[in-house]
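Text of run-v1.pdb (PDB, C-alpha atoms) as supplied:
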ATOM      1  CA  MET M 942      49.347 -72.633 -32.429
ATOM      2  CA  ARG M 943      48.427 -70.855 -29.204
ATOM      3  CA  LEU M 944      51.452 -68.802 -28.291
ATOM      4  CA  PHE M 945      51.013 -68.187 -24.533
ATOM      5  CA  ALA M 946      47.297 -67.561 -25.173
ATOM      6  CA  ALA M 947      48.726 -64.012 -25.460
ATOM      7  CA  GLY M 948      50.241 -64.342 -22.016
ATOM      8  CA  GLY M 949      46.958 -63.742 -20.209
ATOM      9  CA  VAL M 950      44.668 -60.737 -20.259
ATOM     10  CA  VAL M 951      45.840 -57.727 -22.239
ATOM     11  CA  CYS M 952      44.438 -54.297 -21.509
ATOM     12  CA  GLY M 953      42.007 -53.479 -24.304
ATOM     13  CA  LEU M 954      41.794 -50.121 -26.021
ATOM     14  CA  LEU M 955      39.070 -48.899 -23.687
ATOM     15  CA  TYR M 956      41.175 -49.764 -20.667
ATOM     16  CA  LEU M 957      44.568 -48.440 -21.702
ATOM     17  CA  GLY M 958      44.326 -45.478 -19.362
ATOM     18  CA  GLY M 959      44.179 -47.739 -16.315
ATOM     19  CA  CYS M 960      46.549 -50.528 -17.355
ATOM     20  CA  ALA M 961      49.427 -50.884 -14.869
ATOM     21  CA  ARG M 962      52.664 -49.840 -16.554
ATOM     22  CA  VAL M 963      56.203 -48.749 -15.712
ATOM     23  CA  ARG M 964      58.611 -46.251 -17.251
ATOM     24  CA  VAL M 965      62.253 -46.156 -16.133
ATOM     25  CA  MET M 966      64.681 -43.351 -16.940
ATOM     26  CA  THR M 967      68.407 -43.788 -16.324
ATOM     27  CA  ALA M 968      70.212 -40.446 -16.667
ATOM     28  CA  ILE M 969      73.977 -41.054 -16.859
ATOM     29  CA  GLN M 970      76.008 -38.179 -15.427
ATOM     30  CA  ALA M 971      79.491 -37.007 -16.430
ATOM     31  CA  ASP M 972      81.105 -38.810 -13.461
ATOM     32  CA  GLY M 973      79.368 -42.117 -14.220
ATOM     33  CA  SER M 974      76.723 -41.801 -11.520
ATOM     34  CA  ALA M 975      73.128 -42.470 -12.568
ATOM     35  CA  VAL M 976      69.934 -40.697 -11.645
ATOM     36  CA  ARG M 977      67.259 -43.371 -11.741
ATOM     37  CA  THR M 978      63.590 -42.406 -12.097
ATOM     38  CA  VAL M 979      60.936 -45.121 -11.870
ATOM     39  CA  VAL M 980      57.380 -44.107 -12.786
ATOM     40  CA  LEU M 981      54.631 -46.583 -11.899
ATOM     41  CA  SER M 982      51.168 -45.862 -13.289
ATOM     42  CA  GLY M 983      47.804 -47.560 -13.054
ATOM     43  CA  GLN M 984      44.152 -47.248 -12.250
ATOM     44  CA  ASP M 985      43.129 -45.642  -8.982
ATOM     45  CA  LYS M 986      40.846 -48.362  -7.633
ATOM     46  CA  LYS M 987      38.984 -45.922  -5.387
ATOM     47  CA  GLU M 988      37.851 -43.843  -8.331
ATOM     48  CA  ASN M 989      36.848 -46.623 -10.693
ATOM     49  CA  SER M 990      34.066 -49.154 -10.418
ATOM     50  CA  ILE M 991      36.177 -51.914 -11.996
ATOM     51  CA  ALA M 992      38.276 -53.569  -9.308
ATOM     52  CA  SER M 993      41.598 -53.614 -11.164
ATOM     53  CA  PRO M 994      44.861 -54.541  -9.394
ATOM     54  CA  THR M 995      46.527 -51.682  -7.518
ATOM     55  CA  LEU M 996      50.154 -50.646  -8.049
ATOM     56  CA  GLU M 997      50.980 -52.591  -4.881
ATOM     57  CA  ASP M 998      49.302 -55.688  -6.378
ATOM     58  CA  THR M 999      51.403 -55.389  -9.550
ATOM     59  CA  PHE M1000      54.802 -54.110  -8.380
ATOM     60  CA  VAL M1001      57.161 -54.342  -5.458
ATOM     61  CA  ILE M1002      57.444 -50.621  -4.774
ATOM     62  CA  PRO M1003      61.078 -49.454  -4.315
ATOM     63  CA  SER M1004      61.599 -48.292  -0.749
ATOM     64  CA  GLY M1005      64.295 -46.848   1.462
ATOM     65  CA  ALA M1006      65.569 -43.465   2.579
ATOM     66  CA  GLU M1007      67.536 -43.027  -0.663
ATOM     67  CA  TRP M1008      64.351 -42.883  -2.734
ATOM     68  CA  LYS M1009      62.402 -39.655  -3.155
ATOM     69  CA  SER M1010      58.776 -40.277  -4.028
ATOM     70  CA  LYS M1011      55.836 -38.292  -5.359
ATOM     71  CA  GLU M1012      52.265 -39.458  -5.942
ATOM     72  CA  GLU M1013      49.672 -37.963  -8.275
ATOM     73  CA  LYS M1014      46.075 -38.819  -9.090
ATOM     74  CA  LYS M1015      44.280 -37.582 -12.176
ATOM     75  CA  ASN M1016      41.264 -38.732 -14.189
ATOM     76  CA  GLY M1017      41.110 -42.051 -12.351
ATOM     77  CA  ASP M1018      44.835 -42.738 -12.837
ATOM     78  CA  ARG M1019      47.396 -42.993 -10.060
ATOM     79  CA  THR M1020      51.083 -42.262 -10.758
ATOM     80  CA  LEU M1021      53.916 -42.931  -8.332
ATOM     81  CA  THR M1022      57.281 -41.373  -9.244
ATOM     82  CA  LEU M1023      60.408 -42.572  -7.410
ATOM     83  CA  GLU M1024      63.907 -41.187  -7.869
ATOM     84  CA  ARG M1025      67.362 -41.777  -6.449
ATOM     85  CA  THR M1026      71.003 -41.366  -7.457
ATOM     86  CA  PHE M1027      73.347 -44.340  -7.727
ATOM     87  CA  ALA M1028      77.106 -43.911  -7.296
ATOM     88  CA  PRO M1029      79.436 -44.686 -10.220
ATOM     89  CA  GLY M1030      79.687 -48.447 -10.729
ATOM     90  CA  ALA M1031      76.887 -49.253  -8.269
ATOM     91  CA  THR M1032      74.522 -52.105  -9.086
ATOM     92  CA  ILE M1033      70.831 -51.252  -9.346
ATOM     93  CA  ALA M1034      68.779 -54.300  -8.395
ATOM     94  CA  GLY M1035      65.067 -54.936  -8.045
ATOM     95  CA  ASP M1036      63.666 -51.449  -8.588
ATOM     96  CA  VAL M1037      61.545 -53.019 -11.344
ATOM     97  CA  THR M1038      60.003 -56.098  -9.731
ATOM     98  CA  LEU M1039      56.666 -57.435 -10.966
ATOM     99  CA  LYS M1040      54.421 -59.651  -8.910
ATOM    100  CA  GLY M1041      52.785 -62.752 -10.330
ATOM    101  CA  GLU M1042      50.664 -65.230  -8.410
ATOM    102  CA  PRO M1043      49.916 -64.249  -4.817
ATOM    103  CA  GLY M1044      53.135 -64.233  -2.821
ATOM    104  CA  LYS M1045      55.350 -64.803  -5.862
ATOM    105  CA  ILE M1046      57.563 -62.673  -8.118
ATOM    106  CA  LYS M1047      57.529 -63.073 -11.903
ATOM    107  CA  LEU M1048      60.115 -60.527 -13.129
ATOM    108  CA  VAL M1049      63.165 -58.789 -11.619
ATOM    109  CA  ASN M1050      65.808 -56.454 -12.981
ATOM    110  CA  GLN M1051      69.444 -55.576 -12.424
ATOM    111  CA  ALA M1052      71.312 -52.640 -13.956
ATOM    112  CA  LYS M1053      74.784 -51.123 -13.797
ATOM    113  CA  VAL M1054      76.700 -48.254 -15.393
ATOM    114  CA  THR M1055      80.350 -49.240 -15.944
ATOM    115  CA  GLN M1056      83.188 -46.963 -17.036
ATOM    116  CA  LEU M1057      84.864 -48.224 -20.214
ATOM    117  CA  GLY M1058      87.375 -45.403 -20.622
ATOM    118  CA  PRO M1059      87.732 -41.636 -20.295
ATOM    119  CA  HIS M1060      84.224 -40.111 -20.566
ATOM    120  CA  ARG M1061      82.819 -43.409 -21.886
ATOM    121  CA  PHE M1062      80.326 -45.568 -20.000
ATOM    122  CA  GLU M1063      78.255 -48.673 -20.646
ATOM    123  CA  TYR M1064      74.698 -49.061 -19.366
ATOM    124  CA  ARG M1065      73.599 -52.674 -19.042
ATOM    125  CA  GLU M1066      70.231 -53.798 -17.664
ATOM    126  CA  THR M1067      69.062 -57.390 -17.410
ATOM    127  CA  LEU M1068      65.448 -58.500 -16.996
ATOM    128  CA  THR M1069      65.049 -62.001 -15.596
ATOM    129  CA  TRP M1070      61.873 -64.069 -15.541
ATOM    130  CA  LYS M1071      61.086 -65.605 -12.140
ATOM    131  CA  GLY M1072      57.549 -66.813 -12.836
ATOM    132  CA  ALA M1073      56.370 -70.185 -14.042
ATOM    133  CA  LYS M1074      58.600 -71.437 -16.844
ATOM    134  CA  GLU M1075      55.949 -72.132 -19.442
ATOM    135  CA  THR M1076      57.093 -73.568 -22.730
ATOM    136  CA  PRO M1077      57.007 -70.819 -25.366
ATOM    137  CA  LEU M1078      54.091 -72.366 -27.227
ATOM    138  CA  GLY M1079      52.253 -73.435 -24.104
ATOM    139  CA  GLU M1080      50.996 -76.989 -24.442
ATOM    140  CA  LEU M1081      51.427 -78.168 -28.015
ATOM    141  CA  LYS M1082      48.052 -79.743 -28.644
ATOM    142  CA  PRO M1083      47.371 -82.434 -31.265
ATOM    143  CA  GLU M1084      45.543 -79.981 -33.518
ATOM    144  CA  ASP M1085      48.530 -77.607 -33.376
ATOM    145  CA  LEU M1086      50.878 -80.436 -34.262
ATOM    146  CA  ASN M1087      48.625 -81.437 -37.160
ATOM    147  CA  THR M1088      48.549 -77.859 -38.436
ATOM    148  CA  LEU M1089      52.326 -77.747 -38.583
ATOM    149  CA  LYS M1090      52.559 -81.178 -40.193
ATOM    150  CA  ALA M1091      49.980 -80.163 -42.808
ATOM    151  CA  SER M1092      52.231 -77.305 -43.896
ATOM    152  CA  LEU M1093      55.052 -79.737 -44.740
ATOM    153  CA  PRO M1094      55.405 -82.164 -47.658
ATOM    154  CA  LYS M1095      54.216 -85.642 -46.622
ATOM    155  CA  PRO M1096      57.692 -87.236 -46.389
ATOM    156  CA  LEU M1097      58.685 -84.526 -43.847
ATOM    157  CA  ALA M1098      55.387 -84.344 -41.948
ATOM    158  CA  THR M1099      56.515 -86.139 -38.777
ATOM    159  CA  ASP M1100      55.818 -85.294 -35.136
ATOM    160  CA  ALA M1101      59.540 -84.735 -34.526
ATOM    161  CA  ASN M1102      59.849 -82.257 -37.388
ATOM    162  CA  ALA M1103      56.696 -80.397 -36.316
ATOM    163  CA  ARG M1104      57.911 -80.092 -32.706
ATOM    164  CA  ALA M1105      61.293 -78.802 -33.833
ATOM    165  CA  LEU M1106      59.559 -76.196 -35.971
ATOM    166  CA  ALA M1107      57.310 -75.207 -33.060
ATOM    167  CA  ASP M1108      60.322 -74.642 -30.788
ATOM    168  CA  LYS M1109      62.077 -72.550 -33.424
ATOM    169  CA  LEU M1110      58.962 -70.497 -34.097
ATOM    170  CA  ALA M1111      58.547 -69.791 -30.384
ATOM    171  CA  SER M1112      62.141 -68.626 -29.943
ATOM    172  CA  LEU M1113      61.667 -66.181 -32.817
ATOM    173  CA  ALA M1114      58.086 -65.111 -32.130
ATOM    174  CA  VAL M1115      58.426 -64.243 -28.436
ATOM    175  CA  PRO M1116      60.606 -61.135 -28.949
ATOM    176  CA  ALA M1117      58.548 -60.133 -31.983
ATOM    177  CA  LEU M1118      55.280 -60.304 -30.025
ATOM    178  CA  PHE M1119      56.461 -59.012 -26.632
ATOM    179  CA  GLY M1120      59.483 -56.843 -27.506
ATOM    180  CA  PRO M1121      61.902 -55.211 -27.062
ATOM    181  CA  GLY M1122      61.109 -53.094 -30.073
ATOM    182  CA  ASP M1123      57.537 -52.487 -31.183
ATOM    183  CA  PRO M1124      55.642 -55.384 -29.535
ATOM    184  CA  LEU M1125      53.317 -56.798 -32.157
ATOM    185  CA  LEU M1126      50.685 -57.645 -29.547
ATOM    186  CA  ALA M1127      50.149 -53.921 -29.038
ATOM    187  CA  ILE M1128      49.743 -53.371 -32.782
ATOM    188  CA  GLY M1129      47.510 -56.429 -33.073
ATOM    189  CA  MET M1130      44.957 -54.989 -30.658
ATOM    190  CA  LEU M1131      44.300 -52.105 -33.032
ATOM    191  CA  HIS M1132      45.297 -53.396 -36.464
ATOM    192  CA  PRO M1133      45.553 -57.215 -36.768
ATOM    193  CA  ASP M1134      46.359 -57.169 -40.494
ATOM    194  CA  LEU M1135      49.261 -54.795 -39.902
ATOM    195  CA  ALA M1136      50.533 -57.055 -37.118
ATOM    196  CA  VAL M1137      50.624 -60.015 -39.527
ATOM    197  CA  ARG M1138      52.579 -57.932 -42.049
ATOM    198  CA  ARG M1139      55.031 -56.778 -39.392
ATOM    199  CA  MET M1140      55.460 -60.359 -38.202
ATOM    200  CA  GLY M1141      56.307 -61.373 -41.757
ATOM    201  CA  GLN M1142      58.853 -58.561 -41.989
ATOM    202  CA  LYS M1143      60.489 -59.509 -38.705
ATOM    203  CA  LEU M1144      60.389 -63.290 -38.948
ATOM    204  CA  GLY M1145      60.033 -64.220 -42.602
ATOM    205  CA  THR M1146      63.724 -64.371 -43.486
ATOM    206  CA  LEU M1147      64.614 -66.007 -40.141
ATOM    207  CA  LEU M1148      61.984 -68.724 -40.553
ATOM    208  CA  ILE M1149      63.070 -69.438 -44.115
ATOM    209  CA  GLN M1150      66.656 -69.832 -42.882
ATOM    210  CA  ALA M1151      65.460 -72.110 -40.052
ATOM    211  CA  LEU M1152      63.662 -74.301 -42.578
ATOM    212  CA  GLN M1153      66.800 -74.378 -44.715
ATOM    213  CA  ASP M1154      68.881 -75.428 -41.691
ATOM    214  CA  GLN M1155      66.401 -78.132 -40.654
ATOM    215  CA  PHE M1156      65.491 -79.624 -44.028
ATOM    216  CA  GLY M1157      68.176 -78.490 -46.471
ATOM    217  CA  ASP M1158      67.288 -79.276 -50.069
ATOM    218  CA  GLN M1159      64.333 -81.437 -49.042
ATOM    219  CA  LEU M1160      62.251 -78.256 -49.384
ATOM    220  CA  THR M1161      62.358 -76.008 -52.429
ATOM    221  CA  VAL M1162      62.764 -72.251 -52.022
ATOM    222  CA  GLU M1163      59.069 -71.755 -52.750
ATOM    223  CA  GLN M1164      58.051 -74.483 -50.306
ATOM    224  CA  ARG M1165      60.108 -72.825 -47.563
ATOM    225  CA  ARG M1166      58.377 -69.508 -48.256
ATOM    226  CA  ASP M1167      54.926 -71.134 -48.192
ATOM    227  CA  VAL M1168      55.608 -72.929 -44.900
ATOM    228  CA  ALA M1169      56.987 -69.737 -43.308
ATOM    229  CA  ARG M1170      53.930 -67.725 -44.412
ATOM    230  CA  GLN M1171      51.541 -70.322 -43.031
ATOM    231  CA  MET M1172      53.380 -70.507 -39.693
ATOM    232  CA  ILE M1173      53.211 -66.724 -39.270
ATOM    233  CA  GLN M1174      49.537 -66.502 -40.213
ATOM    234  CA  GLU M1175      48.569 -69.343 -37.875
ATOM    235  CA  THR M1176      50.533 -67.845 -34.991
ATOM    236  CA  MET M1177      48.901 -64.421 -35.302
ATOM    237  CA  ALA M1178      45.429 -65.872 -35.909
ATOM    238  CA  ASN M1179      45.588 -67.998 -32.762
ATOM    239  CA  THR M1180      47.261 -65.482 -30.463
ATOM    240  CA  LYS M1181      44.103 -64.367 -28.716
ATOM    241  CA  ILE M1182      43.939 -60.864 -27.264
ATOM    242  CA  SER M1183      41.158 -60.529 -24.715
ATOM    243  CA  GLN M1184      39.861 -57.530 -22.838
ATOM    244  CA  PRO M1185      39.308 -57.504 -19.080
ATOM    245  CA  ASP M1186      36.046 -59.009 -17.907
ATOM    246  CA  PRO M1187      34.517 -56.458 -15.500
ATOM    247  CA  ALA M1188      32.488 -59.186 -13.760
ATOM    248  CA  GLU M1189      35.610 -61.267 -13.145
ATOM    249  CA  ALA M1190      37.672 -58.256 -12.135
ATOM    250  CA  SER M1191      35.137 -57.207  -9.520
ATOM    251  CA  SER M1192      34.787 -60.670  -7.994
ATOM    252  CA  PRO M1193      36.754 -61.529  -4.858
ATOM    253  CA  GLY M1194      39.582 -64.038  -4.763
ATOM    254  CA  PRO M1195      42.945 -64.517  -6.479
ATOM    255  CA  SER M1196      41.552 -63.934  -9.981
ATOM    256  CA  SER M1197      40.916 -60.298  -9.098
ATOM    257  CA  LYS M1198      44.679 -59.881  -8.707
ATOM    258  CA  SER M1199      45.499 -61.112 -12.212
ATOM    259  CA  ASN M1200      47.772 -58.436 -13.667
ATOM    260  CA  GLY M1201      47.873 -59.608 -17.276
ATOM    261  CA  LEU M1202      50.509 -58.005 -19.470
ATOM    262  CA  THR M1203      52.342 -54.957 -18.147
ATOM    263  CA  PRO M1204      53.840 -52.444 -20.600
ATOM    264  CA  LEU M1205      57.472 -51.644 -19.749
ATOM    265  CA  MET M1206      59.538 -48.728 -21.068
ATOM    266  CA  PHE M1207      63.237 -48.200 -20.339
ATOM    267  CA  VAL M1208      65.027 -44.990 -21.355
ATOM    268  CA  VAL M1209      68.680 -43.929 -21.169
ATOM    269  CA  LYS M1210      69.584 -40.251 -21.176
ATOM    270  CA  THR M1211      73.039 -38.694 -21.266
ATOM    271  CA  PRO M1212      74.470 -35.155 -21.460
ATOM    272  CA  GLY M1213      76.752 -36.456 -24.187
ATOM    273  CA  HIS M1214      75.865 -38.779 -27.045
ATOM    274  CA  VAL M1215      75.099 -42.440 -27.624
ATOM    275  CA  VAL M1216      77.943 -44.382 -29.259
ATOM    276  CA  SER M1217      76.068 -47.672 -29.688
ATOM    277  CA  SER M1218      73.078 -49.540 -28.275
ATOM    278  CA  ASN M1219      70.679 -52.414 -28.920
ATOM    279  CA  GLY M1220      67.712 -50.094 -28.380
ATOM    280  CA  GLU M1221      66.032 -47.445 -30.481
ATOM    281  CA  THR M1222      67.250 -43.851 -30.662
ATOM    282  CA  ASP M1223      64.952 -40.862 -30.387
ATOM    283  CA  ASP M1224      66.619 -38.310 -32.669
ATOM    284  CA  LEU M1225      64.593 -35.480 -31.161
ATOM    285  CA  THR M1226      65.755 -36.045 -27.575
ATOM    286  CA  GLY M1227      68.937 -38.030 -28.166
ATOM    287  CA  GLU M1228      67.657 -40.709 -25.795
ATOM    288  CA  VAL M1229      67.701 -44.498 -26.251
ATOM    289  CA  PHE M1230      64.602 -46.512 -25.389
ATOM    290  CA  TRP M1231      63.283 -50.053 -25.223
ATOM    291  CA  ALA M1232      59.565 -50.966 -25.143
ATOM    292  CA  MET M1233      58.231 -54.404 -24.218
ATOM    293  CA  PHE M1234      55.878 -56.520 -22.127
ATOM    294  CA  GLU M1235      57.338 -58.549 -19.253
ATOM    295  CA  GLU M1236      56.808 -61.875 -21.087
ATOM    296  CA  ALA M1237      59.678 -60.833 -23.369
ATOM    297  CA  ALA M1238      61.957 -62.423 -20.751
ATOM    298  CA  ILE M1239      60.134 -65.751 -20.406
ATOM    299  CA  VAL M1240      62.380 -67.665 -22.837
ATOM    300  CA  LYS M1241      65.689 -66.030 -21.879
ATOM    301  CA  ASP M1242      66.952 -62.916 -20.093
ATOM    302  CA  VAL M1243      66.415 -59.643 -21.898
ATOM    303  CA  VAL M1244      69.611 -57.566 -21.861
ATOM    304  CA  LEU M1245      69.515 -53.833 -22.662
ATOM    305  CA  THR M1246      72.831 -52.153 -23.483
ATOM    306  CA  ALA M1247      74.005 -48.698 -24.455
ATOM    307  CA  VAL M1248      77.482 -47.171 -24.652
ATOM    308  CA  VAL M1249      77.545 -43.407 -24.147
ATOM    309  CA  GLU M1250      80.164 -40.678 -24.213
ATOM    310  CA  VAL M1251      79.597 -37.815 -21.803
ATOM    311  CA  GLN M1252      80.987 -34.291 -21.885
TER
END
What do you get writing this file as structure tokens?
Amino acid sequence: MRLFAAGGVVCGLLYLGGCARVRVMTAIQADGSAVRTVVLSGQDKKENSIASPTLEDTFVIPSGAEWKSKEEKKNGDRTLTLERTFAPGATIAGDVTLKGEPGKIKLVNQAKVTQLGPHRFEYRETLTWKGAKETPLGELKPEDLNTLKASLPKPLATDANARALADKLASLAVPALFGPGDPLLAIGMLHPDLAVRRMGQKLGTLLIQALQDQFGDQLTVEQRRDVARQMIQETMANTKISQPDPAEASSPGPSSKSNGLTPLMFVVKTPGHVVSSNGETDDLTGEVFWAMFEEAAIVKDVVLTAVVEVQ
């Protein structure tokens, strides 16, 4: 199974320093206002022989008098830091907007900090996919269908059953591969065997339950485990992670603007404490964070939430 063909080109280890990326900090104040800091980083094309996309090629840069901006260049990297304060209850829209094909947008965001009670606020940010609505598994080719059917007992090895399994696998595998959380594509670039293990940890129980729901007692417990293992191994083995081709990157035309996967990091900071969230907590700083690639939102909106209590 070729899950997205890894969503395009992924920055390889040697290119991580120049891969376009974004980090967003939302600092919730005691009155419910939010200081929003958006940091866009990428390769400085002028200082590097590889013609990688610029920040302007990858992002719609937030603009307006409300935004304070600062630009830095160091070791071939360019960093643009933008900051503004949003009033209590104001909606933050489009300050993380990623470009796709020329003239088109592929991802947008919207965020809001809402007061829930005295000194208690909820942060909610939604990432919405605006690019081409590919099916999660891309085009299910005959060989992919046969692979799935081969993992099932002969009486159950039908095209309909295989397609249903493929759809279920995609809905589970997309967040595991692209985040939020620890995106397994990032781990897979450095340690493929560990990525397979992590995939098993994240999806094993869910896939076994999906097989139980679909086939009931037509599969034994051991058969369900075997099918789940094979599905995970095939998915990771066929999720290709490619490094940028310098020759292609330096050639003119639309292909030179291909942005590949963009690492995204969202962080919530508060002078108080976090009551609950669907992110990860940094015990050292007390912050909540979410890490992902933009394709995390291709199946459905990604919603980040955190409830905080401020002093």
If you apply the PyMOL selection byres ((chain M and resi 1106) around 12) to this file, what residues do you get, as a PyMOL selection string? chain M and resi 942+1078+1081+1085-1086+1088-1090+1092-1093+1097-1105+1107-1114+1148-1156+1168-1169+1172-1173
Report, in Å with one decimal, the straight-line distance from atom CA of Ser1218 of chain M to atom CA of Val980 of chain M.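 Between atom CA of Ser1218 of chain M and atom CA of Val980 of chain M the gap is 22.7 Å.
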For the point (80.7, -35.9, -25.7) in file coordinates, what residues are within 10 Å, counting all atoms listed in the file? Give the answer as a PyMOL selection string? chain M and resi 971+1060-1061+1211-1216+1249-1252
What separation in Å, quoted to one decimal, exists between atom CA of Phe1230 of chain M and atom CA of Ser1004 of chain M? 24.9 Å
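Closest to Ser982 of chain M among M:Leu1205, M:Leu1126, M:Ala1136, M:Leu1147 is M:Leu1205, based on only C-alpha atoms.
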Quick one, how far is atom CA of Met1130 of chain M from atom CA of Leu1245 of chain M? 25.9 Å
